[in-house]
Structures are given as structure tokens and as C-alpha cells.
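Here is work_10.tsv, consisting of TSV, C-alpha atoms and all ligand atoms:
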chain	number	residue	atom	x	y	z
C	1	MET	CA	147.09	120.00	98.99
C	2	LYS	CA	147.61	117.78	96.03
C	3	ILE	CA	151.34	117.49	96.59
C	4	ASN	CA	153.47	116.37	99.49
C	5	THR	CA	155.80	119.37	99.82
C	6	SER	CA	158.93	117.68	101.12
C	7	TYR	CA	158.63	114.75	98.68
C	8	SER	CA	158.09	117.15	95.81
C	9	GLU	CA	161.15	119.16	96.88
C	10	SER	CA	163.35	116.04	96.73
C	11	ILE	CA	162.03	115.21	93.27
C	12	LYS	CA	162.71	118.76	92.12
C	13	GLN	CA	166.31	118.63	93.34
C	14	ILE	CA	166.96	115.44	91.38
C	15	ARG	CA	165.33	116.98	88.31
C	16	GLU	CA	167.43	120.14	88.51
C	17	LYS	CA	170.60	118.14	88.87
C	18	ASN	CA	169.84	116.15	85.73
C	19	LEU	CA	168.35	118.85	83.51
C	20	PRO	CA	171.66	120.20	82.18
C	21	SER	CA	172.29	116.83	80.52
C	22	ARG	CA	169.09	117.29	78.53
C	23	GLU	CA	169.10	116.19	74.89
C	24	HIS	CA	168.93	118.77	72.17
C	25	SER	CA	167.59	116.66	69.33
C	26	ARG	CA	164.87	118.47	67.44
C	27	ARG	CA	163.94	115.70	65.06
C	28	ILE	CA	160.50	114.12	65.04
C	29	ILE	CA	160.71	110.44	65.90
C	30	HIS	CA	158.14	108.25	64.18
C	31	TRP	CA	157.47	104.58	63.58
C	32	GLU	CA	154.74	102.22	62.46
C	33	GLU	CA	153.20	99.46	64.56
C	34	LYS	CA	150.08	97.31	64.71
C	35	HIS	CA	147.18	98.62	66.74
C	36	ARG	CA	143.76	97.35	67.67
C	37	ILE	CA	140.63	99.48	67.12
C	38	LYS	CA	137.42	97.83	68.30
C	39	SER	CA	137.44	94.45	66.56
C	40	GLU	CA	140.11	95.16	63.97
C	41	VAL	CA	143.86	95.45	63.82
C	42	VAL	CA	145.03	98.47	61.82
C	43	LYS	CA	148.33	100.20	61.18
C	44	ALA	CA	149.34	102.81	63.71
C	45	LEU	CA	151.64	105.67	62.90
C	46	VAL	CA	153.30	107.01	66.04
C	47	PHE	CA	154.86	110.47	66.23
C	48	ILE	CA	156.94	111.82	69.09
C	49	LEU	CA	157.04	115.59	68.70
C	50	PRO	CA	160.11	117.39	70.02
C	51	THR	CA	158.28	120.01	72.11
C	52	ARG	CA	159.85	121.70	75.15
C	53	GLY	CA	158.38	118.89	77.29
C	54	CYS	CA	155.89	118.51	80.09
C	55	SER	CA	155.05	121.73	81.98
C	56	TRP	CA	154.49	119.73	85.17
C	57	ALA	CA	158.01	118.28	84.97
C	58	LEU	CA	159.41	121.76	84.27
C	59	SER	CA	157.52	123.32	87.17
C	60	GLY	CA	158.70	123.89	90.75
C	61	SER	CA	157.02	120.61	91.65
C	62	GLY	CA	159.75	118.59	89.95
C	63	GLY	CA	157.12	116.57	88.04
C	64	CYS	CA	156.31	112.91	88.48
C	65	SER	CA	158.72	110.82	90.54
C	66	VAL	CA	158.99	108.16	87.84
C	67	CYS	CA	159.29	110.25	84.70
C	68	GLY	CA	162.41	111.19	82.80
C	69	TYR	CA	160.84	111.98	79.44
C	70	LEU	CA	161.80	115.61	79.84
C	71	TYR	CA	165.47	114.79	79.31
C	72	ASP	CA	164.69	113.81	75.72
C	73	ASN	CA	162.91	117.05	74.85
C	74	PRO	CA	164.77	119.96	73.26
C	75	GLN	CA	164.96	123.32	74.99
C	76	LYS	CA	163.97	125.27	71.91
C	77	PRO	CA	161.44	123.46	69.75
C	78	ASP	CA	161.15	124.37	66.09
C	79	PHE	CA	157.46	124.19	65.23
C	80	GLU	CA	157.97	125.14	61.60
C	81	MET	CA	160.18	122.12	61.16
C	82	ILE	CA	157.70	119.98	63.14
C	83	MET	CA	154.87	120.91	60.77
C	84	ILE	CA	156.96	120.28	57.66
C	85	SER	CA	157.98	116.86	58.97
C	86	ILE	CA	154.43	115.84	59.95
C	87	LYS	CA	153.09	116.74	56.50
C	88	ASP	CA	155.92	114.93	54.81
C	89	ILE	CA	155.63	111.76	56.91
C	90	LEU	CA	151.84	111.57	56.52
C	91	ASN	CA	152.17	112.10	52.80
C	92	LYS	CA	154.75	109.33	52.44
C	93	LYS	CA	153.28	106.79	54.85
C	94	ILE	CA	149.51	106.93	54.50
C	95	GLN	CA	148.41	104.54	51.83
C	96	GLN	CA	145.14	104.82	49.98
C	97	GLU	CA	143.80	101.36	50.83
C	98	GLU	CA	144.79	101.14	54.51
C	99	GLU	CA	143.17	102.40	57.69
C	100	TYR	CA	145.20	104.08	60.39
C	101	SER	CA	145.43	105.04	63.99
C	102	ILE	CA	147.64	108.10	64.49
C	103	LYS	CA	149.32	108.63	67.83
C	104	ILE	CA	150.69	112.11	68.45
C	105	PHE	CA	152.83	112.04	71.56
C	106	THR	CA	154.94	114.88	72.96
C	107	SER	CA	156.28	113.36	76.20
C	108	GLY	CA	153.98	115.90	77.81
C	109	SER	CA	150.55	117.30	76.97
C	110	PHE	CA	149.51	118.02	73.40
C	111	LEU	CA	146.66	120.20	74.70
C	112	ASP	CA	148.93	122.40	76.82
C	113	ARG	CA	149.21	125.70	74.90
C	114	ASN	CA	152.54	126.44	76.54
C	115	GLU	CA	153.90	123.22	75.16
C	116	VAL	CA	152.14	123.08	71.78
C	117	PRO	CA	150.94	126.57	70.76
C	118	ILE	CA	147.29	126.70	69.79
C	119	ASN	CA	148.04	127.55	66.14
C	120	VAL	CA	150.25	124.46	65.95
C	121	GLN	CA	147.56	122.27	67.54
C	122	GLU	CA	145.13	123.58	64.91
C	123	ALA	CA	147.52	123.10	62.02
C	124	ILE	CA	148.22	119.48	63.03
C	125	LEU	CA	144.53	118.65	63.43
C	126	LYS	CA	143.72	120.27	60.07
C	127	GLU	CA	146.44	118.25	58.39
C	128	LEU	CA	145.16	115.00	59.90
C	129	ALA	CA	141.59	115.88	58.86
C	130	LYS	CA	142.68	115.70	55.20
C	131	TYR	CA	143.12	111.91	55.40
C	132	HIS	CA	139.92	109.86	55.30
C	133	GLN	CA	142.07	106.76	56.00
C	134	ILE	CA	142.63	107.94	59.57
C	135	ARG	CA	140.12	106.26	61.87
C	136	GLU	CA	141.49	107.28	65.23
C	137	ILE	CA	143.84	109.94	66.59
C	138	VAL	CA	145.36	109.52	70.03
C	139	LEU	CA	146.53	112.65	71.85
C	140	GLU	CA	147.92	112.77	75.38
C	141	SER	CA	147.15	115.39	77.99
C	142	ARG	CA	147.08	116.06	81.70
C	143	PRO	CA	143.55	116.92	82.90
C	144	GLU	CA	144.20	120.60	83.69
C	145	TYR	CA	144.48	121.49	80.00
C	146	ILE	CA	141.20	119.84	79.05
C	147	ASN	CA	138.72	122.71	79.09
C	148	ASP	CA	135.73	123.61	76.92
C	149	LYS	CA	137.74	126.07	74.84
C	150	ILE	CA	140.44	123.58	73.89
C	151	LEU	CA	137.87	120.88	73.11
C	152	GLN	CA	135.85	123.32	70.99
C	153	ASN	CA	139.04	124.06	69.12
C	154	ILE	CA	139.32	120.38	68.26
C	155	VAL	CA	135.68	120.34	67.10
C	156	ASN	CA	136.43	123.32	64.83
C	157	ASN	CA	139.25	121.52	63.07
C	158	ILE	CA	138.46	117.81	62.87
C	159	ASP	CA	135.74	115.22	63.44
C	160	ILE	CA	136.12	114.95	67.23
C	161	SER	CA	134.65	111.45	67.34
C	162	LYS	CA	137.99	110.25	65.90
C	163	ILE	CA	139.89	111.71	68.84
C	164	GLU	CA	140.97	109.68	71.84
C	165	ILE	CA	142.55	111.66	74.66
C	166	ALA	CA	144.90	109.57	76.74
C	167	ILE	CA	145.36	110.73	80.33
C	168	GLY	CA	148.08	109.42	82.63
C	169	LEU	CA	145.86	108.91	85.64
C	170	GLU	CA	148.29	106.31	87.06
C	171	SER	CA	145.98	105.43	89.97
C	172	ALA	CA	142.49	106.29	91.17
C	173	ASN	CA	143.87	106.51	94.70
C	174	ASN	CA	144.70	110.10	95.71
C	175	LYS	CA	147.23	108.96	98.33
C	176	ILE	CA	149.25	107.19	95.65
C	177	LEU	CA	148.96	110.19	93.33
C	178	LYS	CA	150.27	112.46	96.07
C	179	ASN	CA	152.79	110.41	98.04
C	180	SER	CA	154.10	108.06	95.38
C	181	VAL	CA	153.79	109.60	91.92
C	182	ASN	CA	153.75	113.33	92.78
C	183	LYS	CA	151.15	113.66	90.06
C	184	GLY	CA	149.82	117.05	91.10
C	185	PHE	CA	146.20	116.19	90.36
C	186	PHE	CA	143.61	113.99	91.99
C	187	TRP	CA	141.06	111.44	90.82
C	188	GLU	CA	138.39	114.16	90.85
C	189	ASP	CA	140.32	116.20	88.26
C	190	PHE	CA	140.50	113.17	86.02
C	191	GLU	CA	136.79	112.57	86.53
C	192	GLN	CA	135.91	116.13	85.48
C	193	ALA	CA	138.18	116.05	82.43
C	194	THR	CA	136.63	112.75	81.38
C	195	GLU	CA	133.11	114.11	81.64
C	196	ARG	CA	134.09	117.08	79.47
C	197	ILE	CA	135.77	114.95	76.83
C	198	ILE	CA	132.79	112.61	76.59
C	199	LYS	CA	130.37	115.58	76.44
C	200	PHE	CA	132.26	116.90	73.41
C	201	GLY	CA	132.13	113.51	71.70
C	202	ALA	CA	135.73	112.33	72.00
C	203	LYS	CA	136.97	109.17	73.75
C	204	VAL	CA	139.20	108.74	76.76
C	205	LYS	CA	142.00	106.30	77.42
C	206	ALA	CA	143.35	105.95	80.96
C	207	TYR	CA	146.94	105.02	81.67
C	208	LEU	CA	147.51	103.21	84.95
C	209	LEU	CA	150.95	102.83	86.45
C	210	PHE	CA	151.87	99.43	87.75
C	211	LYS	CA	154.12	99.48	90.80
C	212	PRO	CA	154.96	103.13	91.47
C	213	PRO	CA	157.47	103.86	94.27
C	214	PHE	CA	156.59	102.92	97.86
C	215	VAL	CA	153.72	100.70	96.70
C	216	THR	CA	154.33	96.97	96.97
C	217	GLU	CA	153.62	94.63	94.09
C	218	TYR	CA	150.67	93.17	96.00
C	219	ASP	CA	149.16	96.59	96.77
C	220	SER	CA	149.72	97.80	93.25
C	221	ILE	CA	147.89	94.78	91.82
C	222	ASN	CA	144.94	95.61	94.05
C	223	ASP	CA	145.20	99.28	93.20
C	224	ILE	CA	145.00	98.48	89.48
C	225	PHE	CA	141.83	96.42	90.08
C	226	LEU	CA	140.19	99.19	92.12
C	227	SER	CA	141.24	101.86	89.64
C	228	VAL	CA	139.86	99.95	86.65
C	229	SER	CA	136.50	99.50	88.42
C	230	LYS	CA	136.28	103.25	89.06
C	231	ILE	CA	137.37	104.14	85.53
C	232	LYS	CA	134.83	101.76	84.05
C	233	LYS	CA	132.02	103.52	85.89
C	234	LEU	CA	132.89	106.75	84.05
C	235	GLY	CA	132.16	105.08	80.71
C	236	ILE	CA	135.80	104.67	79.67
C	237	ASP	CA	136.51	101.49	77.76
C	238	THR	CA	140.23	101.71	77.03
C	239	VAL	CA	142.77	101.20	79.77
C	240	SER	CA	146.50	100.89	79.34
C	241	ILE	CA	148.45	99.20	82.12
C	242	ASN	CA	151.91	100.72	82.09
C	243	ALA	CA	154.38	98.70	84.07
C	244	ILE	CA	157.17	100.83	85.46
C	245	SER	CA	160.35	101.12	83.50
C	246	ILE	CA	162.96	103.03	85.45
C	247	HIS	CA	163.94	106.28	83.76
C	248	ARG	CA	167.35	107.71	84.58
C	249	GLY	CA	167.47	111.01	86.44
C	250	THR	CA	164.33	110.33	88.47
C	251	TYR	CA	163.51	109.80	92.13
C	252	LEU	CA	162.59	106.21	91.32
C	253	SER	CA	165.95	105.64	89.68
C	254	LEU	CA	167.64	106.72	92.90
C	255	LEU	CA	165.61	104.15	94.89
C	256	PHE	CA	166.51	101.49	92.34
C	257	GLU	CA	170.21	102.33	92.49
C	258	LYS	CA	170.06	101.98	96.29
C	259	ASN	CA	168.43	98.54	95.90
C	260	GLN	CA	165.21	99.82	97.42
C	261	TYR	CA	163.01	99.05	94.46
C	262	ARG	CA	162.48	96.05	92.19
C	263	PRO	CA	160.60	96.61	88.91
C	264	PRO	CA	157.39	94.57	88.59
C	265	TRP	CA	157.23	90.92	87.66
C	266	LEU	CA	155.83	89.89	84.29
C	267	TRP	CA	153.82	87.19	86.10
C	268	SER	CA	151.93	89.99	87.86
C	269	LEU	CA	151.06	91.59	84.52
C	270	VAL	CA	149.70	88.32	83.17
C	271	TYR	CA	147.63	87.91	86.33
C	272	ILE	CA	146.29	91.48	86.14
C	273	CYS	CA	145.35	91.20	82.46
C	274	LYS	CA	143.60	87.85	82.99
C	275	GLU	CA	141.58	89.11	85.95
C	276	ILE	CA	140.53	92.40	84.38
C	277	LYS	CA	139.62	90.93	81.00
C	278	ALA	CA	137.59	88.17	82.65
C	279	LYS	CA	135.69	90.71	84.75
C	280	PHE	CA	135.32	93.43	82.10
C	281	PRO	CA	135.48	91.73	78.69
C	282	GLU	CA	134.31	94.92	76.96
C	283	ILE	CA	137.37	96.89	78.08
C	284	ARG	CA	140.14	97.31	75.51
C	285	LEU	CA	143.08	96.45	77.72
C	286	ILE	CA	146.53	97.48	76.56
C	287	CYS	CA	149.69	96.11	78.11
C	288	ASP	CA	152.72	97.28	76.14
C	289	VAL	CA	155.72	96.59	78.31
C	290	VAL	CA	158.45	99.18	77.82
C	291	ALA	CA	161.94	97.79	78.49
C	292	GLY	CA	160.35	94.43	79.35
C	293	GLY	CA	162.82	91.70	80.26
C	294	THR	CA	165.55	94.19	81.24
C	295	ARG	CA	166.83	95.13	84.71
C	296	ARG	CA	165.09	98.50	84.58
C	297	GLY	CA	161.83	97.16	83.16
C	298	ALA	CA	159.26	94.57	84.23
C	299	HIS	CA	161.03	91.23	84.25
C	300	ASN	CA	161.04	87.67	85.56
C	301	CYS	CA	164.04	85.38	85.80
C	302	GLY	CA	165.40	86.01	82.31
C	303	GLU	CA	164.54	82.50	81.08
C	304	CYS	CA	160.81	82.95	80.56
C	305	ASP	CA	160.63	86.72	79.92
C	306	LYS	CA	160.58	86.60	76.13
C	307	ALA	CA	157.74	84.07	75.97
C	308	ILE	CA	155.63	86.05	78.44
C	309	LEU	CA	156.25	89.34	76.69
C	310	GLU	CA	155.10	87.73	73.45
C	311	GLN	CA	151.92	86.55	75.16
C	312	LEU	CA	151.20	90.04	76.47
C	313	LYS	CA	151.80	91.50	73.03
C	314	GLU	CA	149.47	88.98	71.42
C	315	PHE	CA	146.83	89.62	74.08
C	316	THR	CA	147.00	93.40	73.55
C	317	LEU	CA	146.51	92.94	69.84
C	318	THR	CA	143.82	90.26	69.90
C	319	GLN	CA	142.12	91.05	73.22
C	320	ASP	CA	141.68	87.31	73.48
C	321	LEU	CA	142.30	85.71	76.87
C	322	LYS	CA	143.46	82.54	75.11
C	323	ALA	CA	146.69	84.41	74.32
C	324	LEU	CA	147.52	84.34	78.03
C	325	ASN	CA	146.65	80.72	78.55
C	326	HIS	CA	149.62	79.05	76.86
C	327	ASN	CA	150.91	77.20	79.83
C	328	ILE	CA	154.37	78.65	80.32
C	329	GLN	CA	156.11	76.83	83.16
C	330	CYS	CA	159.11	78.31	84.88
C	331	SER	CA	160.52	77.80	88.33
C	332	CYS	CA	160.49	81.56	88.91
C	333	LYS	CA	156.69	81.50	89.17
C	334	GLU	CA	156.98	80.15	92.72
C	335	GLU	CA	159.66	82.73	93.45
C	336	TRP	CA	157.26	85.46	92.25
C	337	LYS	CA	154.50	84.24	94.57
C	338	GLY	CA	156.93	84.17	97.50
C	339	TYR	CA	158.24	87.63	96.63
C	340	VAL	CA	154.77	89.19	96.48
C	341	LEU	CA	153.79	87.70	99.83
C	342	HIS	CA	157.10	88.49	101.52
C	343	GLU	CA	157.09	92.12	100.29
C	344	LYS	CA	153.51	92.46	101.54
C	345	ILE	CA	154.38	91.21	105.02
C	346	SER	CA	157.68	93.09	105.36
C	401	LIG	S1	154.44	111.30	83.65
C	401	LIG	FE1	153.39	112.73	82.28
C	401	LIG	S2	152.63	114.33	83.65
C	401	LIG	FE2	154.20	113.24	84.78
C	401	LIG	S3	156.08	114.40	84.42
C	401	LIG	FE3	155.99	112.78	82.88
C	401	LIG	S4	155.03	113.66	81.10
C	401	LIG	FE4	154.60	115.02	82.84
C	402	ZN	ZN	161.17	82.39	84.77

Please rewrite the model in this file as C-alpha cells.
Ligand code: SF4
Ligand SMILES: [Zn+2]
Amino acid sequence: MKINTSYSESIKQIREKNLPSREHSRRIIHWEEKHRIKSEVVKALVFILPTRGCSWALSGSGGCSVCGYLYDNPQKPDFEMIMISIKDILNKKIQQEEEYSIKIFTSGSFLDRNEVPINVQEAILKELAKYHQIREIVLESRPEYINDKILQNIVNNIDISKIEIAIGLESANNKILKNSVNKGFFWEDFEQATERIIKFGAKVKAYLLFKPPFVTEYDSINDIFLSVSKIKKLGIDTVSINAISIHRGTYLSLLFEKNQYRPPWLWSLVYICKEIKAKFPEIRLICDVVAGGTRRGAHNCGECDKAILEQLKEFTLTQDLKALNHNIQCSCKEEWKGYVLHEKIS
């Protein structure tokens, strides 16, 4: 069994209670940001497509215990409008002289036909293939949708070597996947999907979740180290460390509201990035902290948060350890050490 039935049932109940308050916005959200590809920094154009949302979250499993993305997805997506908007945005934003990374996110799985119909997947890929300025395209998917047929479909429509498929593995530890995240798949499923993607010539990015529920800060730090070592052995060279930000309407949010969960410390993220980069310098390590410095996101004492978040941002962009070595001093560093040890013991 890849799920813990009673845990999954509790998650489902919370989901069902919150689903009626779901958003109905059907507009594509998009923005530009800086992004690193190999040794260069290029422009990234990020799209969030208003699909119906993640099938796992919509299923009887209740979805992941930490995820509230579903509440932002519309119930009835309009794919005609989505295609018109994508064409229009690409046409307006892509400049002749620049190079781009395009990130197509759906708050679910782009490769899930029930979420993004196959003809829409094809149309989007064909549209992107028209732009020689696009160097990299990032798509997100759970492993169960990554089969030979869907990968062949990518090959038929675009140069697959430009494609990076990002998978929310969260942890390489099956116990955490089952009893903490309610992920519904195991390490072995990720492993198989990765082998397939690499066989077809695309790249893989792994997302790891820092400090999921019921895992202490100390254990989660160690879990990230172990997970990265396993991921590296599969030939993956891009890892994104996603520190928890607490989404409303989730199991984790309930723990937080009962004072049974503290979001991770930024000091831990600095420590993790330093250790991993020193051990695996060839890994492109991404640490974009969502809601950093807020109560529901990774935070320190409030005094030093901004400076540390800037360091992490600079490190993600430059991949240079020097970015993390500006000696920021704050009294909360001792508090962090005490907290990590105390939480471990208690
Ligand atoms: S984290 Fe990903 S797989 Fe899990 S419910 Fe959210 S969108 Fe779905
Ligand atoms: Zn501080």
C-alpha cells in the first residue's frame, strides 16, 4: 500500500470541506524572472495554466497533505482561451535577441491527459517549437503519467532535448511519502519515470520538500541529504529544495493552527545548500523560498530574514557558494541550533 488509509481519509475530509471555496478564475497567470541554465542566466517566462487541477488532489485520496494549489484552479477550464492567451503572451514577450526558459505550470501535471487533453499538450508544444529563442521548457508531472506514449508525443512535436520534466518527489524515503506527504507514489515510481525520461532524451528536475509534517527539522535536513545522494545516482543534475509554505485548507495548515508545526528555519536552508553544493558541485541547486520571512513560510527571527533570503536568491542564480558566505550574524542563530536539537530530542 502506498497510502496510509486513515491518514489519507483525514486529508480527504479537510479537502472536501474546503473545495466549495475554490476559486473560479480562468485567466492564465504569467510573469518573467531570471533563471539559470548551465552557466548562464537567461530570462524565464512562467505560465500558470488554469486547468481543473491535480487529479491526485481531486481523487478519493485527498491529495498531498501540504498542498492547497487545487483551490486556485477553476472547475471548468477553457482550453480555447488558454491557447489564445499562450500564443499572445509568447508573441508579445519573446524578443528576437534574448534566450528563454519557459516554465509551463498547471498546479498539477501537464502530462496528465485528464488535466491537459492530449490535443492541448500537442498544440502548446507546437507553439513553443516555433521559437528558436527558447532554450529550455520546464513541465511538471507526477510519475504515473510519464509513459512511452506521452514521451513519444513530445518527441513528435518538439525537440525533446529542450524539455525538463520536474517531478515533485518530495523525499526518497517511502515512509515519508506515505505517512507524511500522502504522495501516493514511491521512490521506485520516480526511479522508473526518470529512466524513461532520460531514455527519450529529456531532462529531469526533482523537487524535494523541506520539513513535511511529522518530520522534525533535524530529520528533514538528513532526509534531504540522503534524497539528493539517491537522486544524483540516477543521473539527475537539477534539484529544487522547496521549503514548506503552509497552504490554507490543508492537513498541514490544521497542524499549524493548533501550534503543532513550525515552518522551517532559513538557517537550515543555508546549511543544506552549503553542504549539498560542497559535496555535489555539479548539481544545479535551486532554493526559491515561497512566502519566505512570513509566519506561514520558512523564517527566522524577522530581523535577519531579508538578508538571508537575498543570499539564497543570489546562490540559486549564481550557483556560487560565496553567495552564502557573507557572514550574517544574528542572535537567532543560536536559537535555531537549540530548536533543532530540542525538537530532535523531544
Ligand atoms: S503537491 Fe503536486 S501531486 Fe501533490 S496534490 Fe499538490 S499538485 Fe498534486
Ligand atoms: Zn535572526

(request) Return as a list of chain:residue names every polymer residue, whether protein, DNA or RNA, with at least one atom no more than 10 Å from an atom of ligand ZN 402 (chain C); count all atoms listed in the file. (result) C:Trp265, C:Leu266, C:Trp267, C:His299, C:Asn300, C:Cys301, C:Gly302, C:Glu303, C:Cys304, C:Asp305, C:Lys306, C:Ala307, C:Ile308, C:Ile328, C:Gln329, C:Cys330, C:Ser331, C:Cys332, C:Lys333, C:Glu334, C:Glu335, C:Trp336

(request) Would you please work out which residue, of C:Ser220, C:Thr5, C:Asn91, C:Asn242, is nearest to ligand LIG 401 (chain C) when using all atoms listed in the file? (result)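 Among C:Ser220, C:Thr5, C:Asn91, C:Asn242, it is C:Asn242 that comes nearest to ligand LIG 401 (chain C).
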
(request) Please write as a ChimeraX atom specification the list of polymer residues whose atoms come within 12 Å of (138.3, 87.9, 70.7), counting all atoms listed in the file and keeping to the coordinates of the file. (result) /C:36,38-41,277-278,281-284,314-323

(request) Just give me the gap between atom CA of C:Leu90 and atom CA of C:Leu49 in Å, one decimal is fine. (result)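 That distance, rounded to one decimal, is 13.8 Å.
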
(message) Between C:Asn222, C:Asn147, C:Ser229, C:Ser245, which residue has the minimum interatomic distance to ligand LIG 401 (chain C), considering all atoms listed in the file?
(response)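 Counting all atoms listed in the file, the residue closest to ligand LIG 401 (chain C) is C:Ser245.
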
For a cut-off of 7 Å around (155.3, 109.9, 68.0), file coordinates, pick out all residues using only C-alpha atoms and list them as a PDB file with C-alpha atoms, in the coordinates of the input.
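Writing the result to part_4.pdb gives the following:
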ATOM      1  CA  ILE C  29     160.710 110.440  65.900  1.00  0.00           C
ATOM      2  CA  HIS C  30     158.140 108.250  64.180  1.00  0.00           C
ATOM      3  CA  VAL C  46     153.300 107.010  66.040  1.00  0.00           C
ATOM      4  CA  PHE C  47     154.860 110.470  66.230  1.00  0.00           C
ATOM      5  CA  ILE C  48     156.940 111.820  69.090  1.00  0.00           C
ATOM      6  CA  LEU C  49     157.040 115.590  68.700  1.00  0.00           C
ATOM      7  CA  LYS C 103     149.320 108.630  67.830  1.00  0.00           C
ATOM      8  CA  ILE C 104     150.690 112.110  68.450  1.00  0.00           C
ATOM      9  CA  PHE C 105     152.830 112.040  71.560  1.00  0.00           C
TER      10      PHE C 105
END

(request) Could you check how far atom CA of C:Phe110 sits from atom CA of C:Asn153, in Å to one decimal? (result) 12.8 Å

(message) Please find the residues contacting ligand LIG 401 (chain C) at a distance of at most 9 Å between atoms, with only C-alpha atoms and all ligand atoms counted, and report them as number ranges by chain.
(response) C: 53-58, 62-70, 106-109, 140-142, 167-170, 181-184

(message) I'd like the interatomic distance between atom CA of C:Gly297 and atom CA of C:Leu309, to a tenth of an Å.
(response) 11.6 Å

(request) Kindly indicate which residue among C:Glu80, C:Glu122, C:Glu164, C:Asp223 lies nearest to C:Val138, using only C-alpha atoms for the distances. (result)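 Between C:Glu80, C:Glu122, C:Glu164, C:Asp223, the residue approaching C:Val138 most closely is C:Glu164.
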
(message) Measuring between only C-alpha atoms, which one of C:His132, C:Lys12, C:Lys178, C:Lys230 shows the shortest distance to C:Lys162?
(response)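 Among the listed residues, the smallest separation from C:Lys162 belongs to C:His132.
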
(request) Measuring atom to atom with all atoms listed in the file, identify which of C:Thr238, C:Ser101, C:Ser227, C:Ser180 is nearest to C:Val204. (result)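 Distance minimum relative to C:Val204 lands on C:Thr238.
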
(message) as a list of chain:residue names, please: the residues near C:Ile134 (cut-off 12 Å, all atoms listed in the file, same-chain neighbours under 5 positions excluded).
(response)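 In the requested form, the answer reads C:Ile37, C:Val42, C:Lys43, C:Ala44, C:Leu45, C:Leu90, C:Lys93, C:Ile94, C:Gln95, C:Gln96, C:Glu97, C:Glu98, C:Glu99, C:Tyr100, C:Ser101, C:Ile102, C:Lys103, C:Leu125, C:Glu127, C:Leu128, C:Ala129, C:Ile158, C:Asp159, C:Ser161, C:Lys162, C:Ile163.
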
(message) I need the residue nearest C:Tyr71 from this list: C:Arg22, C:Lys232, C:Arg113, C:Arg27. Use all atoms listed in the file for the distance.
(response)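 Going through C:Arg22, C:Lys232, C:Arg113, C:Arg27 one by one, the smallest distance to C:Tyr71 is for C:Arg22.
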